[in-house]
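Printed here is entry-v3.pdb (PDB, C-alpha atoms):
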ATOM      1  CA  MET L   1       3.992  39.836 260.456
ATOM      2  CA  LEU L   2       4.103  37.713 257.283
ATOM      3  CA  SER L   3       7.242  35.935 258.484
ATOM      4  CA  LEU L   4       5.647  35.237 261.874
ATOM      5  CA  ALA L   5       2.529  33.846 260.184
ATOM      6  CA  LEU L   6       4.683  31.565 258.030
ATOM      7  CA  ASP L   7       6.546  30.354 261.145
ATOM      8  CA  ILE L   8       3.258  29.241 262.667
ATOM      9  CA  GLY L   9       1.374  28.009 259.594
ATOM     10  CA  TYR L  10       4.102  26.676 257.271
ATOM     11  CA  PHE L  11       3.254  23.327 255.643
ATOM     12  CA  GLY L  12       5.802  23.220 252.826
ATOM     13  CA  LYS L  13       8.872  21.055 252.405
ATOM     14  CA  PRO L  14      11.411  21.370 255.261
ATOM     15  CA  GLY L  15      14.354  21.467 252.867
ATOM     16  CA  LEU L  16      13.119  24.607 251.141
ATOM     17  CA  SER L  17      12.718  26.432 254.458
ATOM     18  CA  LEU L  18      16.237  25.392 255.526
ATOM     19  CA  LEU L  19      17.694  26.784 252.287
ATOM     20  CA  TRP L  20      15.969  30.140 252.701
ATOM     21  CA  LEU L  21      16.387  30.385 256.507
ATOM     22  CA  PRO L  22      19.822  32.194 256.690
ATOM     23  CA  PHE L  23      18.745  34.928 254.289
ATOM     24  CA  GLU L  24      15.404  35.566 255.994
ATOM     25  CA  LEU L  25      17.051  35.537 259.433
ATOM     26  CA  ALA L  26      19.589  38.155 258.343
ATOM     27  CA  ALA L  27      16.789  40.306 256.921
ATOM     28  CA  LEU L  28      14.757  39.996 260.150
ATOM     29  CA  LEU L  29      17.757  41.007 262.249
ATOM     30  CA  VAL L  30      18.262  44.114 260.109
ATOM     31  CA  VAL L  31      14.568  44.936 260.414
ATOM     32  CA  LEU L  32      14.754  44.430 264.196
ATOM     33  CA  VAL L  33      17.621  46.913 264.472
ATOM     34  CA  ARG L  34      15.734  49.490 262.403
ATOM     35  CA  VAL L  35      12.461  48.947 264.303
ATOM     36  CA  ILE L  36      14.078  49.460 267.704
ATOM     37  CA  ARG L  37      15.980  52.490 266.451
ATOM     38  CA  ARG L  38      13.259  54.267 264.440
ATOM     39  CA  VAL L  39       9.772  53.281 265.643
ATOM     40  CA  PRO L  40       8.175  55.839 268.029
ATOM     41  CA  ALA L  41       8.313  55.065 271.733
ATOM     42  CA  GLY L  42       4.620  54.193 271.972
ATOM     43  CA  ARG L  43       4.897  51.334 269.462
ATOM     44  CA  VAL L  44       8.508  50.203 269.644
ATOM     45  CA  ALA L  45       7.867  47.549 272.329
ATOM     46  CA  VAL L  46       5.129  45.778 270.362
ATOM     47  CA  SER L  47       6.869  46.108 266.992
ATOM     48  CA  GLY L  48      10.203  44.961 268.391
ATOM     49  CA  ALA L  49       8.644  41.997 270.192
ATOM     50  CA  LEU L  50       6.840  40.807 267.059
ATOM     51  CA  THR L  51       9.959  41.159 264.907
ATOM     52  CA  GLY L  52      12.099  39.372 267.487
ATOM     53  CA  ALA L  53       9.545  36.586 267.838
ATOM     54  CA  ALA L  54       9.483  36.103 264.063
ATOM     55  CA  ALA L  55      13.261  35.664 264.075
ATOM     56  CA  LEU L  56      13.224  33.309 267.078
ATOM     57  CA  LEU L  57      10.497  31.083 265.613
ATOM     58  CA  LEU L  58      12.002  30.998 262.148
ATOM     59  CA  PRO L  59      13.805  27.618 262.668
ATOM     60  CA  LEU L  60      10.468  25.991 263.532
ATOM     61  CA  ARG L  61       9.597  25.873 259.847
ATOM     62  CA  PHE L  62      12.237  23.162 259.540
ATOM     63  CA  THR L  63      12.220  21.445 262.944
ATOM     64  CA  LEU L  64       8.452  21.041 263.181
ATOM     65  CA  HIS L  65       8.168  19.439 259.733
ATOM     66  CA  GLU L  66      11.325  17.369 259.598
ATOM     67  CA  PRO L  67      10.514  13.719 260.442
ATOM     68  CA  GLY L  68      13.703  13.222 262.440
ATOM     69  CA  SER L  69      13.313  16.277 264.700
ATOM     70  CA  GLY L  70      11.038  17.096 267.606
ATOM     71  CA  LEU L  71      10.595  19.371 270.580
ATOM     72  CA  LYS L  72      14.204  19.194 271.751
ATOM     73  CA  GLU L  73      15.534  20.118 268.327
ATOM     74  CA  SER L  74      13.069  23.017 268.103
ATOM     75  CA  VAL L  75      14.114  24.381 271.498
ATOM     76  CA  PHE L  76      17.790  23.995 270.605
ATOM     77  CA  ALA L  77      17.358  25.799 267.248
ATOM     78  CA  ALA L  78      15.421  28.617 268.909
ATOM     79  CA  ALA L  79      18.138  28.918 271.568
ATOM     80  CA  LEU L  80      20.796  29.241 268.850
ATOM     81  CA  THR L  81      18.751  31.993 267.196
ATOM     82  CA  LEU L  82      18.365  33.848 270.507
ATOM     83  CA  PHE L  83      21.956  35.112 270.544
ATOM     84  CA  PRO L  84      21.879  37.022 267.212
ATOM     85  CA  VAL L  85      18.398  38.346 268.087
ATOM     86  CA  VAL L  86      19.675  39.716 271.405
ATOM     87  CA  CYS L  87      22.708  41.227 269.664
ATOM     88  CA  ALA L  88      20.482  42.910 267.060
ATOM     89  CA  ALA L  89      18.215  44.278 269.813
ATOM     90  CA  GLY L  90      21.258  45.590 271.667
ATOM     91  CA  VAL L  91      22.562  47.354 268.549
ATOM     92  CA  GLY L  92      19.128  48.900 267.979
ATOM     93  CA  LEU L  93      18.904  50.119 271.583
ATOM     94  CA  TYR L  94      22.420  51.574 271.397
ATOM     95  CA  LEU L  95      21.654  53.450 268.175
ATOM     96  CA  ARG L  96      18.355  54.663 269.645
ATOM     97  CA  ALA L  97      20.173  55.961 272.733
ATOM     98  CA  LEU L  98      22.659  57.826 270.528
ATOM     99  CA  GLU L  99      19.798  59.343 268.545
ATOM    100  CA  ASN L 100      17.980  60.413 271.717
ATOM    101  CA  ARG L 101      21.190  61.932 273.057
ATOM    102  CA  ARG L 102      21.653  63.860 269.822
ATOM    103  CA  ILE L 103      18.067  65.130 269.958
ATOM    104  CA  ARG L 104      18.517  66.255 273.562
ATOM    105  CA  ALA L 105      21.739  68.021 272.633
ATOM    106  CA  VAL L 106      19.985  69.856 269.789
ATOM    107  CA  ILE L 107      17.125  70.874 272.092
ATOM    108  CA  GLN L 108      19.591  72.098 274.706
ATOM    109  CA  ALA L 109      21.566  74.032 272.089
ATOM    110  CA  ARG L 110      18.404  75.688 270.791
ATOM    111  CA  ARG L 111      17.317  76.532 274.321
ATOM    112  CA  GLN L 112      20.724  78.057 275.029
ATOM    113  CA  GLN L 113      20.488  80.052 271.821
ATOM    114  CA  ARG L 114      17.045  81.352 272.799
ATOM    115  CA  LEU L 115      18.413  82.379 276.189
ATOM    116  CA  GLU L 116      21.280  84.221 274.508
ATOM    117  CA  VAL L 117      18.841  85.977 272.189
ATOM    118  CA  ALA L 118      16.664  86.947 275.164
ATOM    119  CA  SER L 119      19.764  88.264 276.897
ATOM    120  CA  ASP L 120      20.670  90.338 273.835
ATOM    121  CA  LEU L 121      17.167  91.790 273.683
ATOM    122  CA  HIS L 122      17.294  92.654 277.371
ATOM    123  CA  ASP L 123      20.803  94.084 277.319
ATOM    124  CA  PHE L 124      20.641  96.218 274.190
ATOM    125  CA  VAL L 125      17.075  96.763 272.987
ATOM    126  CA  ALA L 126      15.685  97.437 276.465
ATOM    127  CA  HIS L 127      18.534  99.880 277.081
ATOM    128  CA  GLU L 128      17.665 101.917 273.999
ATOM    129  CA  VAL L 129      13.899 101.743 274.542
ATOM    130  CA  THR L 130      14.321 102.935 278.114
ATOM    131  CA  GLY L 131      16.239 105.939 276.801
ATOM    132  CA  ILE L 132      13.499 106.675 274.277
ATOM    133  CA  VAL L 133      10.845 106.584 277.002
ATOM    134  CA  LEU L 134      12.821 108.939 279.213
ATOM    135  CA  GLU L 135      13.379 111.360 276.334
ATOM    136  CA  ALA L 136       9.641 111.358 275.587
ATOM    137  CA  GLN L 137       8.853 111.947 279.256
ATOM    138  CA  ALA L 138      11.352 114.797 279.449
ATOM    139  CA  ALA L 139       9.751 116.453 276.420
ATOM    140  CA  GLN L 140       6.418 116.572 278.274
ATOM    141  CA  LEU L 141       7.703 118.232 281.421
ATOM    142  CA  GLY L 142       7.642 121.798 280.154
ATOM    143  CA  ASP L 143       7.539 124.127 277.217
ATOM    144  CA  LEU L 144      10.596 123.589 275.077
ATOM    145  CA  GLY L 145      11.845 125.604 272.176
ATOM    146  CA  GLN L 146      11.735 124.303 268.636
ATOM    147  CA  GLN L 147      15.470 123.626 268.649
ATOM    148  CA  GLU L 148      15.234 121.618 271.865
ATOM    149  CA  TYR L 149      12.383 119.568 270.457
ATOM    150  CA  ARG L 150      14.455 118.839 267.353
ATOM    151  CA  GLU L 151      17.395 117.725 269.475
ATOM    152  CA  ILE L 152      15.180 115.394 271.507
ATOM    153  CA  LEU L 153      13.622 113.953 268.362
ATOM    154  CA  ALA L 154      17.067 113.441 266.840
ATOM    155  CA  ARG L 155      18.224 111.529 269.927
ATOM    156  CA  ILE L 156      15.053 109.438 269.898
ATOM    157  CA  GLU L 157      15.602 108.669 266.220
ATOM    158  CA  LYS L 158      19.180 107.531 266.807
ATOM    159  CA  ALA L 159      18.160 105.376 269.770
ATOM    160  CA  GLY L 160      15.352 103.844 267.710
ATOM    161  CA  LEU L 161      17.726 103.034 264.863
ATOM    162  CA  ARG L 162      20.142 101.378 267.271
ATOM    163  CA  ALA L 163      17.301  99.341 268.782
ATOM    164  CA  LEU L 164      16.172  98.277 265.307
ATOM    165  CA  GLU L 165      19.717  97.258 264.422
ATOM    166  CA  SER L 166      19.954  95.120 267.540
ATOM    167  CA  MET L 167      16.597  93.539 266.766
ATOM    168  CA  ASP L 168      17.658  92.845 263.168
ATOM    169  CA  GLN L 169      20.791  91.086 264.423
ATOM    170  CA  THR L 170      18.724  89.091 266.889
ATOM    171  CA  VAL L 171      16.211  88.027 264.232
ATOM    172  CA  THR L 172      19.107  87.011 261.963
ATOM    173  CA  ALA L 173      20.484  84.867 264.769
ATOM    174  CA  LEU L 174      17.091  83.203 265.218
ATOM    175  CA  ARG L 175      16.702  82.489 261.517
ATOM    176  CA  THR L 176      20.185  81.005 261.177
ATOM    177  CA  ALA L 177      20.174  77.322 262.009
ATOM    178  CA  ASP L 178      23.969  77.013 262.171
ATOM    179  CA  GLY L 179      26.589  79.694 262.440
ATOM    180  CA  GLU L 180      29.671  79.898 260.251
ATOM    181  CA  ARG L 181      32.323  77.284 260.931
ATOM    182  CA  GLY L 182      30.025  75.470 263.328
ATOM    183  CA  GLU L 183      29.697  78.347 265.777
ATOM    184  CA  SER L 184      26.328  79.362 267.142
ATOM    185  CA  PRO L 185      24.981  82.607 265.719
ATOM    186  CA  SER L 186      24.851  85.634 267.961
ATOM    187  CA  THR L 187      24.826  89.372 267.766
ATOM    188  CA  ARG L 188      27.990  91.434 267.444
ATOM    189  CA  LEU L 189      30.432  91.219 270.324
ATOM    190  CA  HIS L 190      31.212  94.452 272.121
ATOM    191  CA  GLY L 191      34.173  95.238 274.316
ATOM    192  CA  LEU L 192      35.886  97.694 276.618
ATOM    193  CA  ALA L 193      36.763  99.902 273.647
ATOM    194  CA  ASP L 194      33.026 100.546 273.136
ATOM    195  CA  LEU L 195      32.472 101.901 276.647
ATOM    196  CA  ALA L 196      33.454 105.465 275.724
ATOM    197  CA  GLU L 197      30.793 105.668 273.030
ATOM    198  CA  LEU L 198      28.261 104.075 275.404
ATOM    199  CA  ALA L 199      29.020 106.615 278.148
ATOM    200  CA  ASP L 200      28.704 109.544 275.727
ATOM    201  CA  ARG L 201      25.424 108.223 274.386
ATOM    202  CA  PHE L 202      23.993 107.768 277.866
ATOM    203  CA  THR L 203      25.018 111.296 278.832
ATOM    204  CA  THR L 204      23.426 112.864 275.772
ATOM    205  CA  MET L 205      20.138 111.024 276.333
ATOM    206  CA  SER L 206      19.705 111.842 280.035
ATOM    207  CA  THR L 207      20.426 114.449 282.650
ATOM    208  CA  THR L 208      22.872 112.084 284.341
ATOM    209  CA  LYS L 209      26.533 112.679 283.578
ATOM    210  CA  VAL L 210      28.631 109.594 282.979
ATOM    211  CA  ARG L 211      32.361 109.669 283.653
ATOM    212  CA  LEU L 212      34.521 106.869 282.319
ATOM    213  CA  SER L 213      37.932 106.128 283.771
ATOM    214  CA  MET L 214      39.907 103.362 282.091
ATOM    215  CA  ALA L 215      43.442 102.393 283.048
ATOM    216  CA  GLU L 216      46.075 102.503 280.338
ATOM    217  CA  GLY L 217      46.983  99.173 278.803
ATOM    218  CA  ILE L 218      43.785  97.511 279.974
ATOM    219  CA  LEU L 219      42.535  96.844 276.461
ATOM    220  CA  GLY L 220      43.373  93.391 275.172
ATOM    221  CA  THR L 221      43.851  91.826 278.606
ATOM    222  CA  LEU L 222      40.492  90.025 278.510
ATOM    223  CA  SER L 223      39.168  87.385 276.167
ATOM    224  CA  ARG L 224      36.554  88.463 273.627
ATOM    225  CA  GLU L 225      33.816  86.711 275.627
ATOM    226  CA  ALA L 226      34.942  88.430 278.829
ATOM    227  CA  GLU L 227      35.063  91.840 277.126
ATOM    228  CA  ASP L 228      31.549  91.372 275.780
ATOM    229  CA  THR L 229      30.382  90.371 279.259
ATOM    230  CA  ALA L 230      32.003  93.465 280.769
ATOM    231  CA  TYR L 231      30.211  95.648 278.228
ATOM    232  CA  ARG L 232      26.888  93.988 279.039
ATOM    233  CA  VAL L 233      27.433  94.573 282.754
ATOM    234  CA  VAL L 234      27.904  98.289 282.122
ATOM    235  CA  VAL L 235      24.872  98.431 279.799
ATOM    236  CA  GLU L 236      22.679  96.706 282.389
ATOM    237  CA  SER L 237      23.960  98.980 285.154
ATOM    238  CA  LEU L 238      23.214 102.132 283.152
ATOM    239  CA  THR L 239      19.781 100.796 282.216
ATOM    240  CA  ASN L 240      19.035 100.227 285.900
ATOM    241  CA  VAL L 241      20.120 103.783 286.662
ATOM    242  CA  ARG L 242      17.549 105.024 284.152
ATOM    243  CA  ARG L 243      14.829 102.823 285.546
ATOM    244  CA  HIS L 244      15.420 103.014 289.274
ATOM    245  CA  ALA L 245      17.554 106.085 289.973
ATOM    246  CA  ALA L 246      16.083 108.796 287.787
ATOM    247  CA  ARG L 247      17.387 111.480 290.186
ATOM    248  CA  ALA L 248      20.986 110.350 289.913
ATOM    249  CA  THR L 249      23.217 113.158 288.643
ATOM    250  CA  ARG L 250      26.471 111.257 288.231
ATOM    251  CA  VAL L 251      27.569 107.770 287.215
ATOM    252  CA  ASP L 252      31.207 106.760 287.477
ATOM    253  CA  ILE L 253      32.498 103.862 285.370
ATOM    254  CA  VAL L 254      35.947 102.690 286.413
ATOM    255  CA  VAL L 255      37.896  99.977 284.591
ATOM    256  CA  ARG L 256      41.203  99.052 286.178
ATOM    257  CA  PRO L 257      43.401  96.051 286.898
ATOM    258  CA  ASN L 258      42.974  94.244 290.194
ATOM    259  CA  ALA L 259      46.327  92.746 291.070
ATOM    260  CA  ASP L 260      45.027  90.890 294.140
ATOM    261  CA  HIS L 261      42.697  88.760 292.027
ATOM    262  CA  GLY L 262      44.624  88.797 288.750
ATOM    263  CA  ALA L 263      41.577  90.293 287.115
ATOM    264  CA  VAL L 264      40.090  93.384 285.529
ATOM    265  CA  GLU L 265      37.745  95.262 287.830
ATOM    266  CA  ILE L 266      34.741  97.091 286.367
ATOM    267  CA  THR L 267      32.683  99.264 288.712
ATOM    268  CA  VAL L 268      29.601 101.330 287.911
ATOM    269  CA  ALA L 269      28.534 103.614 290.761
ATOM    270  CA  ASP L 270      25.957 106.394 290.922
ATOM    271  CA  ASP L 271      24.864 108.923 293.532
ATOM    272  CA  ALA L 272      21.197 107.807 293.350
ATOM    273  CA  GLY L 273      19.959 111.376 293.163
ATOM    274  CA  HIS L 274      21.779 112.567 296.320
ATOM    275  CA  GLY L 275      20.276 110.284 298.885
ATOM    276  CA  ALA L 276      17.367 108.744 297.005
ATOM    277  CA  PRO L 277      16.184 105.671 298.891
ATOM    278  CA  THR L 278      17.801 102.485 297.686
ATOM    279  CA  ALA L 279      14.499 100.670 298.111
ATOM    280  CA  THR L 280      13.551 101.949 294.671
ATOM    281  CA  ARG L 281      16.067  99.464 293.299
ATOM    282  CA  GLN L 282      13.991  96.435 294.198
ATOM    283  CA  GLY L 283      12.024  94.595 291.564
ATOM    284  CA  GLY L 284      14.404  95.544 288.794
ATOM    285  CA  GLY L 285      14.239  92.305 286.853
ATOM    286  CA  THR L 286      16.713  89.471 286.359
ATOM    287  CA  GLY L 287      19.308  91.207 284.184
ATOM    288  CA  LEU L 288      22.083  91.278 286.764
ATOM    289  CA  VAL L 289      21.176  87.778 287.958
ATOM    290  CA  GLY L 290      21.721  86.379 284.471
ATOM    291  CA  LEU L 291      24.921  88.376 284.071
ATOM    292  CA  ALA L 292      26.197  87.087 287.426
ATOM    293  CA  GLU L 293      25.850  83.527 286.107
ATOM    294  CA  ARG L 294      27.654  84.494 282.916
ATOM    295  CA  VAL L 295      30.466  86.183 284.860
ATOM    296  CA  SER L 296      30.754  83.166 287.157
ATOM    297  CA  ALA L 297      31.082  80.872 284.135
ATOM    298  CA  LEU L 298      34.086  82.951 283.062
ATOM    299  CA  GLY L 299      35.688  82.556 286.478
ATOM    300  CA  GLY L 300      34.782  86.012 287.781
ATOM    301  CA  SER L 301      32.350  87.537 290.251
ATOM    302  CA  LEU L 302      29.618  90.179 290.217
ATOM    303  CA  GLU L 303      28.281  92.135 293.182
ATOM    304  CA  ALA L 304      25.651  94.847 293.406
ATOM    305  CA  GLY L 305      24.423  96.837 296.374
ATOM    306  CA  PRO L 306      24.286 100.185 298.200
ATOM    307  CA  HIS L 307      27.492 102.186 298.229
ATOM    308  CA  ASP L 308      28.002 105.611 299.863
ATOM    309  CA  GLU L 309      25.035 107.713 298.745
ATOM    310  CA  GLY L 310      24.045 105.520 295.851
ATOM    311  CA  TRP L 311      24.397 102.125 294.248
ATOM    312  CA  ARG L 312      27.388 100.244 292.916
ATOM    313  CA  VAL L 313      27.875  97.283 290.624
ATOM    314  CA  MET L 314      31.323  95.704 290.765
ATOM    315  CA  CYS L 315      32.496  92.995 288.398
ATOM    316  CA  LEU L 316      35.768  91.057 288.419
ATOM    317  CA  LEU L 317      36.837  89.221 285.277
ATOM    318  CA  PRO L 318      40.071  87.198 285.244
ATOM    319  CA  THR L 319      42.524  88.277 282.562
ATOM    320  CA  THR L 320      42.877  84.628 281.566
ATOM    321  CA  ALA L 321      39.107  83.960 281.523
ATOM    322  CA  HIS L 322      37.830  81.386 279.053
ATOM    323  CA  PRO L 323      34.210  80.335 278.469
TER     324      PRO L 323
END
Using C-alpha cells, write down the structure that the file contains.
Amino acid sequence: MLSLALDIGYFGKPGLSLLWLPFELAALLVVLVRVIRRVPAGRVAVSGALTGAAALLLPLRFTLHEPGSGLKESVFAAALTLFPVVCAAGVGLYLRALENRRIRAVIQARRQQRLEVASDLHDFVAHEVTGIVLEAQAAQLGDLGQQEYREILARIEKAGLRALESMDQTVTALRTADGERGESPSTRLHGLADLAELADRFTTMSTTKVRLSMAEGILGTLSREAEDTAYRVVVESLTNVRRHAARATRVDIVVRPNADHGAVEITVADDAGHGAPTATRQGGGTGLVGLAERVSALGGSLEAGPHDEGWRVMCLLPTTAHP
C-alpha cells in the first residue's frame, strides 16, 4: 500500500526513484508471489491486485516527473514491467496449486485412515462385543450351575480383553500422525494362520460348531494385505452368523486353491439353524459391502447369498494380489 501511494503521490527527484526502482520492483515481485501463495482465498484477489498494481505503476515515479518523458514513455515502461509481474503471479498461482493439492492429499489420507479405523472397529471389536452379548443372553435362559456361570464369565472376560486390545490399537493408530518409515498406522495384520484360533474361539463362545478345513501348502501364497483381508472376511461372516443366524448349528470354513482363477478360495457356509428363513439376513450392515470393495481392490471377488439350507460367503483372492 505504501509503494502504491508513492507511485501516485511521488514529488521527489526522478533520478532518485530511478536508482531505487530495480530493488523495489524485485521486492514487490517477491511479495506478489507470497501474497498469491499464502493469503486466504477470500482476500487473495484484492491483495494480489493491489500488489501487482504497485509493481506496474512503479516506473511512473520516474516517467511522470522526468521533463523529457510523457504518456508514451509511461505506457511503455508499464508494459515492460507487465511481463515480470505476470511471471511472478504465475509462480504464485503454481505454488498455491501445489499447496492446495498437498492439503487435499492430506485430507484424503486422513479420511482413508479414519475409514480403516472404522473398518477395524467393525471387524474386530463388534465381533467380540457380539459374542459377549450372546454369552450374557445365554446365561439368562435358565438356571446354570456355579461352574457354568464361571465358565461363561471367563469367556466374557477374555472377549472383553480382546476387544479392549483392539480398541487400544485403534486409538494408537488415531493418535499417530505418521507411521514408521512413512507407512500409515494401522492395527496388527492377521492372516490365514490365525483362522484356527478364531474358529476355536467362536466355537467356545457359542453353540455353533465351527469346522475349519485348510489345504496344505496354502499358507504363504497370498500377500500380507490379502491374508489380512481373508481373515476379515471370515470374521465378518462369523459375526453375521451370530447376529442373523442364531439357530445355526454348524459353520464350515474352507480355504483351498482355485486353479481356474489362480486364486485362493475362502468360503464360510452355515446351515442357518436347519432351514431358518434367509430373510433374517437382511439389514445386516455394510461390513461385507466394504470388504467387497477391499477384495476388488486386490483383484479378487466376494459373493454372499443363500446356499443349500443356509448362507454362504465366498471370497476369491489372487495369489499374486497386490494393493
Original post:
In terms of the shortest atom-to-atom distance over all atoms listed in the file, which of L:Phe23, L:Thr207, L:Val85, L:Val264 is closest to Leu134 in chain L?
Top reply: L:Thr207
Subject >> For range 246-257 of chain L: contacts at 8 Å, all atoms listed in the file, fewer than 5 positions along chain excluded, given as a count of residues only >> reply: 26
Original post:
Any idea what's packed within 9 Å of Leu93 in chain L, counting all atoms listed in the file, ignoring anything in its chain fewer than 5 positions away? Could you give it as JSON, numbers by chain?
Top reply: {"L": [33, 36, 37, 88, 98]}
**OP:** Enter the distance from CA of Arg232 in chain L to CA of Gln108 in chain L, in Å, rounded to one decimal.
**Re:**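 Taking CA of Arg232 in chain L as the start and CA of Gln108 in chain L as the end point, the length is 23.5 Å.
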**OP:** Go ahead and compute the interatomic distance for CA of Leu288 in chain L and CA of Val313 in chain L, in Å to one decimal.
**Re:**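 That distance, rounded to one decimal, is 9.2 Å.
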Under the PyMOL selection byres ((chain L and resi 220) around 10), which residues of this model are included? Write them out as a JSON list (two decimals) with C-alpha atoms, in the coordinates of the input.
[["chain", "number", "residue", "atom", "x", "y", "z"],
["L", 191, "GLY", "CA", 34.17, 95.24, 274.32],
["L", 192, "LEU", "CA", 35.89, 97.69, 276.62],
["L", 193, "ALA", "CA", 36.76, 99.90, 273.65],
["L", 217, "GLY", "CA", 46.98, 99.17, 278.80],
["L", 218, "ILE", "CA", 43.78, 97.51, 279.97],
["L", 219, "LEU", "CA", 42.54, 96.84, 276.46],
["L", 221, "THR", "CA", 43.85, 91.83, 278.61],
["L", 222, "LEU", "CA", 40.49, 90.02, 278.51],
["L", 223, "SER", "CA", 39.17, 87.38, 276.17],
["L", 224, "ARG", "CA", 36.55, 88.46, 273.63],
["L", 227, "GLU", "CA", 35.06, 91.84, 277.13],
["L", 319, "THR", "CA", 42.52, 88.28, 282.56]]
Subject >> L:Leu115, L:Ala196, L:Leu144, L:Asn240 ranked by distance to Gly290 in chain L, top pick (using all atoms listed in the file) >> reply: L:Leu115
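Atom to atom, CA of Trp311 in chain L and CA of Ala199 in chain L stand 17.3 Å apart.
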Original post:
Any chance you could work out the residue set of the PyMOL selection byres ((chain L and resi 139) around 12) here, as a list in words?
Top reply: Ile132, Val133, Leu134, Glu135, Ala136, Gln137, Ala138, Gln140, Leu141, Gly142, Asp143, Leu144, Gly145, Gln146, Glu148, Tyr149, Arg150, Glu151, Ile152, Leu153, Arg155, Ile156, Met205 and Ser206 of chain L
**OP:** Apply the PyMOL selection byres ((chain L and resi 77) around 9) to the structure shown and report the selected residues as number ranges by chain.
**Re:** L: 56-57, 59-60, 63, 72-76, 78-82
Subject >> Of the listed residues L:Ala105, L:Met167, L:Leu316, L:Ala304, that which approaches Ala226 in chain L most closely, counting all atoms listed in the file >> reply: L:Leu316
Around all listed atoms of range 259-274 of chain L, padded 5 Å per side, what centre and edge lengths does the axis-aligned box have in Å to one decimal, as JSON?
{"center_x": 33.1, "center_y": 100.7, "center_z": 290.9, "size_x": 36.4, "size_y": 33.8, "size_z": 20.8}
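Proximity to Thr229 in chain L was assessed for L:Asn258, L:Thr51, L:Ser301, L:Thr203 counting all atoms listed in the file; the smallest distance is recorded for L:Ser301.
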Range 207-212 of chain L rebuilt with all heavy atoms, output as a CSV table (one decimal), in the coordinates of the input:
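Output file part.csv is given in full below:
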chain,number,residue,atom,x,y,z
L,207,THR,N,19.8,113.4,281.9
L,207,THR,CA,20.4,114.4,282.6
L,207,THR,C,21.6,114.0,283.5
L,207,THR,O,22.2,114.8,284.3
L,207,THR,CB,19.3,115.1,283.5
L,207,THR,OG1,18.8,114.1,284.4
L,207,THR,CG2,18.2,115.7,282.6
L,208,THR,N,21.8,112.7,283.5
L,208,THR,CA,22.9,112.1,284.3
L,208,THR,C,24.2,112.1,283.6
L,208,THR,O,24.3,111.7,282.4
L,208,THR,CB,22.5,110.6,284.7
L,208,THR,OG1,21.2,110.6,285.3
L,208,THR,CG2,23.6,110.1,285.7
L,209,LYS,N,25.2,112.6,284.2
L,209,LYS,CA,26.5,112.7,283.6
L,209,LYS,C,27.3,111.4,283.9
L,209,LYS,O,27.4,111.0,285.0
L,209,LYS,CB,27.3,113.9,284.1
L,209,LYS,CG,28.6,114.1,283.4
L,209,LYS,CD,29.3,115.3,283.9
L,209,LYS,CE,30.7,115.5,283.1
L,209,LYS,NZ,31.4,116.7,283.6
L,210,VAL,N,27.9,110.8,282.8
L,210,VAL,CA,28.6,109.6,283.0
L,210,VAL,C,30.1,109.9,282.8
L,210,VAL,O,30.5,110.5,281.8
L,210,VAL,CB,28.2,108.5,282.0
L,210,VAL,CG1,29.0,107.3,282.1
L,210,VAL,CG2,26.7,108.2,282.1
L,211,ARG,N,30.9,109.5,283.7
L,211,ARG,CA,32.4,109.7,283.7
L,211,ARG,C,33.0,108.3,283.6
L,211,ARG,O,32.8,107.4,284.4
L,211,ARG,CB,32.9,110.5,284.9
L,211,ARG,CG,32.3,111.9,285.0
L,211,ARG,CD,33.0,112.6,286.1
L,211,ARG,NE,32.8,112.0,287.4
L,211,ARG,CZ,33.1,112.6,288.5
L,211,ARG,NH1,33.7,113.8,288.6
L,211,ARG,NH2,32.9,111.9,289.7
L,212,LEU,N,33.8,108.1,282.5
L,212,LEU,CA,34.5,106.9,282.3
L,212,LEU,C,36.0,107.0,282.6
L,212,LEU,O,36.7,107.9,282.1
L,212,LEU,CB,34.3,106.4,280.9
L,212,LEU,CG,35.1,105.2,280.4
L,212,LEU,CD1,34.7,103.9,281.2
L,212,LEU,CD2,35.0,104.9,278.9
